[in-house]
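J.: I am sharing upload_14.csv, which consists of CSV, C-alpha atoms:
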```csv
chain,number,residue,atom,x,y,z
T,27,MET,CA,-26.9,-45.4,92.0
T,28,ARG,CA,-29.9,-43.2,92.7
T,29,ARG,CA,-30.6,-42.6,96.4
T,30,VAL,CA,-33.2,-40.7,98.4
T,31,ILE,CA,-32.7,-40.6,102.1
T,32,GLY,CA,-35.7,-39.3,104.2
T,33,PHE,CA,-35.2,-38.2,107.8
T,34,VAL,CA,-37.9,-38.6,110.4
T,35,GLY,CA,-37.7,-37.7,114.1
T,36,TRP,CA,-39.3,-35.6,116.8
T,37,PRO,CA,-38.7,-31.8,116.7
T,38,CYS,CA,-35.0,-30.9,117.1
T,39,ALA,CA,-33.8,-34.5,116.7
T,40,GLY,CA,-31.4,-33.3,114.0
T,41,LYS,CA,-33.2,-33.8,110.7
T,42,ASP,CA,-32.1,-30.5,109.1
T,43,GLU,CA,-28.7,-30.8,110.7
T,44,ALA,CA,-28.3,-34.3,109.1
T,45,ALA,CA,-29.6,-33.1,105.7
T,46,GLU,CA,-27.2,-30.1,105.8
T,47,TYR,CA,-24.3,-32.3,106.6
T,48,LEU,CA,-25.0,-34.6,103.7
T,49,GLN,CA,-25.4,-31.6,101.4
T,50,LYS,CA,-22.1,-30.2,102.5
T,51,VAL,CA,-20.0,-33.4,102.7
T,52,HIS,CA,-21.7,-35.7,100.1
T,53,GLY,CA,-23.1,-33.1,97.7
T,54,ALA,CA,-26.7,-34.1,98.3
T,55,GLN,CA,-29.6,-32.1,97.0
T,56,ARG,CA,-31.6,-31.2,100.1
T,57,PHE,CA,-35.4,-30.8,100.3
T,58,GLY,CA,-36.6,-29.6,103.7
T,59,HIS,CA,-40.3,-30.3,104.2
T,60,SER,CA,-40.7,-27.4,106.6
T,61,ASP,CA,-39.2,-25.1,103.9
T,62,PHE,CA,-42.3,-25.8,101.7
T,63,ILE,CA,-44.6,-24.8,104.6
T,64,ARG,CA,-42.5,-21.7,105.4
T,65,LYS,CA,-42.8,-20.7,101.8
T,66,LEU,CA,-46.6,-20.9,102.1
T,67,ALA,CA,-46.5,-18.8,105.2
T,68,ALA,CA,-44.3,-16.2,103.5
T,69,GLN,CA,-46.7,-16.1,100.5
T,70,SER,CA,-49.4,-15.0,102.9
T,71,GLY,CA,-47.2,-12.4,104.5
T,72,ASN,CA,-46.1,-14.3,107.6
T,73,TRP,CA,-42.3,-14.2,107.6
T,74,SER,CA,-41.9,-15.6,111.2
T,75,PRO,CA,-44.6,-18.2,111.6
T,76,THR,CA,-44.9,-20.2,114.9
T,77,THR,CA,-44.9,-23.9,114.9
T,78,ASP,CA,-48.7,-23.8,115.5
T,79,GLN,CA,-49.2,-21.7,112.4
T,80,LEU,CA,-46.9,-23.9,110.3
T,81,SER,CA,-48.9,-27.0,111.4
T,82,ALA,CA,-52.2,-25.3,110.6
T,83,LEU,CA,-50.9,-24.4,107.1
T,84,PHE,CA,-49.8,-28.0,106.5
T,85,GLU,CA,-53.1,-29.4,107.6
T,86,GLU,CA,-55.1,-26.9,105.5
T,87,ARG,CA,-53.1,-27.9,102.4
T,88,ALA,CA,-53.3,-31.6,103.2
T,89,ALA,CA,-57.1,-31.3,103.5
T,90,ASN,CA,-57.2,-30.2,99.8
T,91,GLU,CA,-54.3,-32.2,98.4
T,92,GLY,CA,-53.7,-35.2,100.7
T,93,TYR,CA,-51.0,-35.7,103.2
T,94,GLY,CA,-48.4,-36.6,100.6
T,95,TRP,CA,-48.5,-33.1,99.0
T,96,ILE,CA,-45.0,-32.1,100.0
T,97,ALA,CA,-43.5,-35.5,99.0
T,98,ARG,CA,-45.2,-35.2,95.6
T,99,GLN,CA,-43.5,-31.8,95.0
T,100,VAL,CA,-40.2,-33.2,96.1
T,101,GLN,CA,-40.7,-36.3,93.9
T,102,GLU,CA,-41.3,-34.1,90.8
T,103,ALA,CA,-38.1,-32.1,91.6
T,104,VAL,CA,-36.1,-35.3,92.1
T,105,VAL,CA,-37.3,-36.8,88.8
T,106,GLU,CA,-36.3,-33.6,87.0
T,107,LEU,CA,-32.9,-33.4,88.9
T,108,TRP,CA,-32.1,-37.0,88.0
T,109,THR,CA,-32.5,-36.2,84.3
T,110,ARG,CA,-29.6,-33.8,84.6
T,111,GLU,CA,-27.6,-35.6,87.4
T,112,PRO,CA,-28.7,-39.2,87.6
T,113,ARG,CA,-26.3,-40.2,90.4
T,114,ARG,CA,-27.1,-37.2,92.7
T,115,LEU,CA,-27.9,-38.1,96.3
T,116,VAL,CA,-31.2,-36.6,97.5
T,117,VAL,CA,-32.1,-35.9,101.1
T,118,GLY,CA,-35.6,-35.1,102.5
T,119,SER,CA,-35.7,-33.7,106.0
T,120,GLY,CA,-38.9,-33.7,108.0
T,121,VAL,CA,-40.8,-36.7,106.7
T,122,ARG,CA,-43.9,-36.6,108.9
T,123,ASN,CA,-46.5,-39.2,107.7
T,124,LEU,CA,-47.0,-42.5,106.0
T,125,ALA,CA,-48.5,-40.9,102.8
T,126,GLU,CA,-45.1,-39.2,102.3
T,127,VAL,CA,-43.3,-42.5,102.7
T,128,GLU,CA,-45.6,-44.1,100.1
T,129,VAL,CA,-44.8,-41.3,97.6
T,130,TYR,CA,-41.0,-41.6,98.3
T,131,ASN,CA,-41.2,-45.4,98.0
T,132,ASP,CA,-41.9,-44.8,94.3
T,133,LEU,CA,-38.5,-43.3,93.9
T,134,HIS,CA,-35.7,-45.8,93.3
T,135,GLY,CA,-33.4,-46.1,96.3
T,136,PHE,CA,-35.5,-44.5,99.0
T,137,GLN,CA,-34.5,-45.2,102.6
T,138,LEU,CA,-36.2,-43.8,105.7
T,139,VAL,CA,-33.7,-43.0,108.5
T,140,LYS,CA,-35.0,-42.4,112.0
T,141,LEU,CA,-33.3,-39.8,114.2
T,142,GLU,CA,-33.6,-40.0,117.9
T,143,ALA,CA,-32.6,-37.7,120.7
T,144,ASP,CA,-33.6,-37.4,124.3
T,145,PHE,CA,-36.4,-34.9,125.2
T,146,ASN,CA,-34.1,-32.6,127.2
T,147,VAL,CA,-31.4,-32.6,124.5
T,148,ARG,CA,-34.1,-31.6,121.9
T,149,LEU,CA,-35.5,-28.9,124.2
T,150,ALA,CA,-32.1,-27.4,124.7
T,151,ARG,CA,-31.6,-27.3,120.9
T,152,ALA,CA,-35.0,-25.7,120.4
T,153,ARG,CA,-34.2,-23.0,123.0
T,154,ARG,CA,-30.8,-22.4,121.4
T,155,ARG,CA,-32.1,-22.2,117.9
T,156,GLN,CA,-35.3,-20.3,118.5
T,157,ARG,CA,-36.5,-21.5,115.1
T,158,MET,CA,-39.9,-22.5,116.3
T,159,GLY,CA,-41.2,-18.9,116.6
T,160,GLU,CA,-41.2,-19.3,120.4
T,161,GLN,CA,-39.5,-17.1,122.9
T,162,GLY,CA,-38.8,-18.5,126.3
T,163,LEU,CA,-39.8,-22.0,125.3
T,164,THR,CA,-40.8,-24.2,128.3
T,165,GLY,CA,-40.7,-27.9,128.6
T,166,GLN,CA,-44.5,-27.9,128.8
T,167,ARG,CA,-44.8,-25.8,125.6
T,168,PHE,CA,-42.3,-28.1,123.8
T,169,ARG,CA,-44.5,-31.1,124.7
T,170,GLU,CA,-47.5,-29.3,123.3
T,171,ILE,CA,-45.6,-28.7,120.1
T,172,GLU,CA,-44.9,-32.5,119.9
T,173,GLN,CA,-48.6,-33.1,120.2
T,174,LEU,CA,-49.5,-30.9,117.1
T,175,ALA,CA,-51.3,-32.7,114.3
T,176,GLY,CA,-48.2,-32.5,112.1
T,177,ASN,CA,-46.3,-34.7,114.6
T,178,ALA,CA,-49.1,-37.3,115.2
T,179,ASN,CA,-47.6,-39.9,112.8
T,180,ILE,CA,-44.0,-39.8,114.1
T,181,PRO,CA,-44.5,-42.8,116.4
T,182,ASP,CA,-45.8,-44.9,113.4
T,183,LEU,CA,-42.8,-43.8,111.2
T,184,MET,CA,-40.3,-44.5,114.0
T,185,ALA,CA,-41.7,-48.0,114.2
T,186,LEU,CA,-41.0,-48.8,110.6
T,187,ASP,CA,-38.0,-50.8,109.6
T,188,GLY,CA,-34.8,-48.9,108.9
T,189,PRO,CA,-31.7,-47.5,110.5
T,190,VAL,CA,-31.8,-45.4,113.7
T,191,ILE,CA,-29.2,-42.8,114.5
T,192,VAL,CA,-29.1,-41.4,118.1
T,193,ASN,CA,-28.2,-37.8,118.2
T,194,ASN,CA,-27.6,-36.9,121.9
T,195,GLN,CA,-23.9,-36.0,121.9
T,196,PRO,CA,-22.7,-32.4,121.8
T,197,ASN,CA,-19.8,-33.7,119.7
T,198,LYS,CA,-21.1,-34.1,116.1
T,199,LEU,CA,-18.3,-36.5,115.1
T,200,THR,CA,-20.3,-39.7,116.1
T,201,PHE,CA,-23.5,-38.3,114.5
T,202,ASN,CA,-21.6,-37.4,111.3
T,203,ARG,CA,-19.9,-40.8,111.1
T,204,ALA,CA,-23.3,-42.6,111.4
T,205,LEU,CA,-24.6,-40.4,108.5
T,206,ASP,CA,-21.5,-41.3,106.5
T,207,ARG,CA,-22.2,-45.0,107.1
T,208,ILE,CA,-25.8,-44.6,105.9
T,209,VAL,CA,-24.6,-43.0,102.6
T,210,MET,CA,-21.8,-45.6,102.1
T,211,SER,CA,-24.1,-48.6,102.9
T,212,LYS,CA,-25.8,-48.5,99.5
T,213,GLU,CA,-23.1,-47.2,97.2
```
As a first step, turn the structure in this file into structure tokens.
T.:
Amino acid sequence: MRRVIGFVGWPCAGKDEAAEYLQKVHGAQRFGHSDFIRKLAAQSGNWSPTTDQLSALFEERAANEGYGWIARQVQEAVVELWTREPRRLVVGSGVRNLAEVEVYNDLHGFQLVKLEADFNVRLARARRRQRMGEQGLTGQRFREIEQLAGNANIPDLMALDGPVIVNNQPNKLTFNRALDRIVMSKE
């Protein structure tokens, strides 16, 4: 059965972590939305973009191609993948707007999964990872990042029907079991 699972959530809720787990344990093909934007940054010579810069790159591209531009690229790759591996599980991490959901809904077996985590848990993860191009990340700065244009549609997506996984525990066993249940629920 063909499946596409898309993860949505606020920064550091665990979207990439969930996708990487499904890739490792369930053999999923992973497509990280932020990877597409980081690739654009690298093509312009910026190898360590800040979150602000990534958001600006996304918005610039969306102004020309529409907000579903990343999802359309993923969709093309998935269609091609399924010609070779028709039963391969596909995971998209970082779904950020309704236009992307509309594109993914055209793929058979799409399911949006919402990841939630408390603000302080996410802030601690962001500080630990330092993936956001930010040194000495403060709570105020993290709230500003949440308000960037690229995150504006998260509340709308979180309100859509679909499963919710809470990712607050330091022990990943509960989180991973919830992910396993999502995968098994449609097989």
J.: Rank T:Ser70, T:Gln166, T:Thr109, T:Gln79 by their smallest atom-to-atom distance to Leu149 in chain T, using only C-alpha atoms, and report the top residue only.
T.: T:Gln166
J.: Between T:Val51, T:Phe136, T:Ile63, T:Gly40, which has the minimum distance to Thr77 in chain T (counting all atoms listed in the file)?
T.: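 Comparing T:Val51, T:Phe136, T:Ile63, T:Gly40 against Thr77 in chain T, the winner is T:Ile63.
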J.: Which one of T:Ala152, T:Asn193, T:Val34, T:Ile208 sits closest to Ile171 in chain T if you count all atoms listed in the file?
T.: T:Ala152
J.: From the set T:Arg148, T:Arg169, T:Arg207, T:Arg155, which residue has the shortest atom-to-atom contact distance to Ala39 in chain T, counting all atoms listed in the file?
T.: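 Ranked by minimum distance to Ala39 in chain T, first place goes to T:Arg148.
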J.: Quick one: distance from CA of Leu141 in chain T to CA of Leu124 in chain T in Å, one decimal?
T.: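 Between these atoms lies a distance of 16.2 Å.
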J.: Which one of T:Ser74, T:Gln137, T:Asn179, T:Asn90 sits closest to Arg28 in chain T if you count all atoms listed in the file?
T.: T:Gln137
J.: List every protein, DNA or RNA residue with an atom no more than 12 Å from (-34.7, -30.5, 92.1) in the file's coordinates, counting only C-alpha atoms, and format the result as a list in words.
T.: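 Protein, DNA and RNA residues close to (-34.7, -30.5, 92.1): Ala54, Gln55, Arg56, Phe57, Gly58, Gln99, Val100, Gln101, Glu102, Ala103, Val104, Val105, Glu106, Leu107, Trp108, Thr109, Arg110, Glu111, Pro112, Arg114, Leu115, Val116, Val117 and Gly118 of chain T.
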J.: List the residues sitting within 12 Å of (-44.9, -16.6, 107.6) in the file's frame, using all atoms listed in the file, as a PyMOL selection string.
T.: chain T and resi 60-83+158-159
J.: How would the residues just picked look written out with C-alpha atoms as a compact mmCIF listing (two decimals), keeping the file's coordinate frame?
T.:
```txt
# COMPACT_ATOMS: atom_id res chain seq x y z
CA SER T 60 -40.70 -27.40 106.60
CA ASP T 61 -39.20 -25.10 103.90
CA PHE T 62 -42.30 -25.80 101.70
CA ILE T 63 -44.60 -24.80 104.60
CA ARG T 64 -42.50 -21.70 105.40
CA LYS T 65 -42.80 -20.70 101.80
CA LEU T 66 -46.60 -20.90 102.10
CA ALA T 67 -46.50 -18.80 105.20
CA ALA T 68 -44.30 -16.20 103.50
CA GLN T 69 -46.70 -16.10 100.50
CA SER T 70 -49.40 -15.00 102.90
CA GLY T 71 -47.20 -12.40 104.50
CA ASN T 72 -46.10 -14.30 107.60
CA TRP T 73 -42.30 -14.20 107.60
CA SER T 74 -41.90 -15.60 111.20
CA PRO T 75 -44.60 -18.20 111.60
CA THR T 76 -44.90 -20.20 114.90
CA THR T 77 -44.90 -23.90 114.90
CA ASP T 78 -48.70 -23.80 115.50
CA GLN T 79 -49.20 -21.70 112.40
CA LEU T 80 -46.90 -23.90 110.30
CA SER T 81 -48.90 -27.00 111.40
CA ALA T 82 -52.20 -25.30 110.60
CA LEU T 83 -50.90 -24.40 107.10
CA MET T 158 -39.90 -22.50 116.30
CA GLY T 159 -41.20 -18.90 116.60
```
J.: Between CA of Glu46 in chain T and CA of Glu172 in chain T, what is the spacing in Å?
T.: 22.8 Å
J.: Which residue, T:Ile96, T:Ala44, T:Ile31, T:Ala178, has the smallest gap to Ala204 in chain T when you use only C-alpha atoms?
T.: T:Ala44
J.: Quick one: residues within 9 Å of Asp206 in chain T, only C-alpha atoms counted, chain neighbours fewer than 5 positions away excluded, as a PDB file with C-alpha atoms, keeping the file's coordinate frame?
T.:
```pdb
ATOM      1  CA  LEU T  48     -25.000 -34.600 103.700  1.00  0.00           C
ATOM      2  CA  VAL T  51     -20.000 -33.400 102.700  1.00  0.00           C
ATOM      3  CA  HIS T  52     -21.700 -35.700 100.100  1.00  0.00           C
ATOM      4  CA  PHE T 201     -23.500 -38.300 114.500  1.00  0.00           C
ATOM      5  CA  SER T 211     -24.100 -48.600 102.900  1.00  0.00           C
TER       6      SER T 211
END
```
J.: Could you give me range 133-144 of chain T completed to all heavy atoms, formatted as an mmCIF file, in the frame of the given file?
T.:
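Produced file part_9.cif, reproduced below:
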```cif
data_model
loop_
_atom_site.group_PDB
_atom_site.id
_atom_site.type_symbol
_atom_site.label_atom_id
_atom_site.label_comp_id
_atom_site.auth_asym_id
_atom_site.auth_seq_id
_atom_site.Cartn_x
_atom_site.Cartn_y
_atom_site.Cartn_z
ATOM 1 N N LEU T 133 -39.796 -43.697 94.432
ATOM 2 C CA LEU T 133 -38.500 -43.300 93.900
ATOM 3 C C LEU T 133 -37.476 -44.378 94.200
ATOM 4 O O LEU T 133 -37.397 -44.901 95.310
ATOM 5 C CB LEU T 133 -38.034 -41.977 94.607
ATOM 6 C CG LEU T 133 -38.798 -40.724 94.229
ATOM 7 C CD1 LEU T 133 -38.429 -39.574 95.151
ATOM 8 C CD2 LEU T 133 -38.522 -40.345 92.779
ATOM 9 N N HIS T 134 -36.694 -44.710 93.194
ATOM 10 C CA HIS T 134 -35.700 -45.800 93.300
ATOM 11 C C HIS T 134 -34.699 -45.385 94.429
ATOM 12 O O HIS T 134 -34.216 -44.268 94.486
ATOM 13 C CB HIS T 134 -34.950 -45.955 92.007
ATOM 14 C CG HIS T 134 -33.908 -47.015 92.074
ATOM 15 N ND1 HIS T 134 -34.226 -48.346 92.102
ATOM 16 C CD2 HIS T 134 -32.569 -46.934 92.152
ATOM 17 C CE1 HIS T 134 -33.117 -49.054 92.174
ATOM 18 N NE2 HIS T 134 -32.095 -48.212 92.206
ATOM 19 N N GLY T 135 -34.421 -46.332 95.301
ATOM 20 C CA GLY T 135 -33.400 -46.100 96.300
ATOM 21 C C GLY T 135 -33.802 -45.343 97.528
ATOM 22 O O GLY T 135 -32.952 -44.797 98.224
ATOM 23 N N PHE T 136 -35.102 -45.284 97.823
ATOM 24 C CA PHE T 136 -35.500 -44.500 99.000
ATOM 25 C C PHE T 136 -35.228 -45.315 100.280
ATOM 26 O O PHE T 136 -35.436 -46.527 100.363
ATOM 27 C CB PHE T 136 -37.045 -44.269 98.966
ATOM 28 C CG PHE T 136 -37.559 -43.641 100.240
ATOM 29 C CD1 PHE T 136 -37.199 -42.350 100.567
ATOM 30 C CD2 PHE T 136 -38.361 -44.352 101.105
ATOM 31 C CE1 PHE T 136 -37.649 -41.772 101.740
ATOM 32 C CE2 PHE T 136 -38.823 -43.786 102.286
ATOM 33 C CZ PHE T 136 -38.460 -42.493 102.605
ATOM 34 N N GLN T 137 -34.742 -44.579 101.270
ATOM 35 C CA GLN T 137 -34.500 -45.200 102.600
ATOM 36 C C GLN T 137 -34.894 -44.170 103.652
ATOM 37 O O GLN T 137 -34.457 -43.014 103.660
ATOM 38 C CB GLN T 137 -32.972 -45.462 102.725
ATOM 39 C CG GLN T 137 -32.601 -46.093 104.049
ATOM 40 C CD GLN T 137 -31.121 -46.423 104.130
ATOM 41 O OE1 GLN T 137 -30.285 -45.770 103.513
ATOM 42 N NE2 GLN T 137 -30.790 -47.450 104.894
ATOM 43 N N LEU T 138 -35.733 -44.620 104.568
ATOM 44 C CA LEU T 138 -36.200 -43.800 105.700
ATOM 45 C C LEU T 138 -35.163 -44.023 106.839
ATOM 46 O O LEU T 138 -34.892 -45.159 107.224
ATOM 47 C CB LEU T 138 -37.560 -44.186 106.148
ATOM 48 C CG LEU T 138 -38.173 -43.320 107.245
ATOM 49 C CD1 LEU T 138 -38.444 -41.905 106.727
ATOM 50 C CD2 LEU T 138 -39.467 -43.944 107.752
ATOM 51 N N VAL T 139 -34.621 -42.922 107.357
ATOM 52 C CA VAL T 139 -33.700 -43.000 108.500
ATOM 53 C C VAL T 139 -34.298 -42.250 109.641
ATOM 54 O O VAL T 139 -34.739 -41.100 109.519
ATOM 55 C CB VAL T 139 -32.318 -42.337 108.086
ATOM 56 C CG1 VAL T 139 -31.377 -42.308 109.280
ATOM 57 C CG2 VAL T 139 -31.687 -43.079 106.912
ATOM 58 N N LYS T 140 -34.336 -42.939 110.781
ATOM 59 C CA LYS T 140 -35.000 -42.400 112.000
ATOM 60 C C LYS T 140 -33.917 -41.772 112.877
ATOM 61 O O LYS T 140 -32.907 -42.407 113.188
ATOM 62 C CB LYS T 140 -35.730 -43.513 112.697
ATOM 63 C CG LYS T 140 -36.803 -44.147 111.784
ATOM 64 C CD LYS T 140 -37.379 -45.399 112.356
ATOM 65 C CE LYS T 140 -36.413 -46.538 112.138
ATOM 66 N NZ LYS T 140 -36.959 -47.843 112.502
ATOM 67 N N LEU T 141 -34.171 -40.534 113.278
ATOM 68 C CA LEU T 141 -33.300 -39.800 114.200
ATOM 69 C C LEU T 141 -33.909 -39.712 115.543
ATOM 70 O O LEU T 141 -35.063 -39.296 115.653
ATOM 71 C CB LEU T 141 -32.935 -38.440 113.627
ATOM 72 C CG LEU T 141 -32.283 -38.408 112.250
ATOM 73 C CD1 LEU T 141 -32.016 -36.977 111.819
ATOM 74 C CD2 LEU T 141 -30.996 -39.219 112.229
ATOM 75 N N GLU T 142 -33.155 -40.091 116.556
ATOM 76 C CA GLU T 142 -33.600 -40.000 117.900
ATOM 77 C C GLU T 142 -32.740 -39.138 118.761
ATOM 78 O O GLU T 142 -31.528 -39.106 118.548
ATOM 79 C CB GLU T 142 -33.675 -41.419 118.560
ATOM 80 C CG GLU T 142 -34.668 -42.360 117.945
ATOM 81 C CD GLU T 142 -34.704 -43.722 118.632
ATOM 82 O OE1 GLU T 142 -33.822 -44.000 119.468
ATOM 83 O OE2 GLU T 142 -35.612 -44.497 118.311
ATOM 84 N N ALA T 143 -33.347 -38.444 119.703
ATOM 85 C CA ALA T 143 -32.600 -37.700 120.700
ATOM 86 C C ALA T 143 -33.495 -37.514 121.919
ATOM 87 O O ALA T 143 -34.718 -37.430 121.795
ATOM 88 C CB ALA T 143 -32.225 -36.297 120.140
ATOM 89 N N ASP T 144 -32.877 -37.513 123.079
ATOM 90 C CA ASP T 144 -33.600 -37.400 124.300
ATOM 91 C C ASP T 144 -34.381 -36.051 124.349
ATOM 92 O O ASP T 144 -33.946 -35.048 123.756
ATOM 93 C CB ASP T 144 -32.677 -37.431 125.520
ATOM 94 C CG ASP T 144 -32.041 -38.800 125.704
ATOM 95 O OD1 ASP T 144 -32.621 -39.793 125.224
ATOM 96 O OD2 ASP T 144 -30.962 -38.863 126.328
#
```
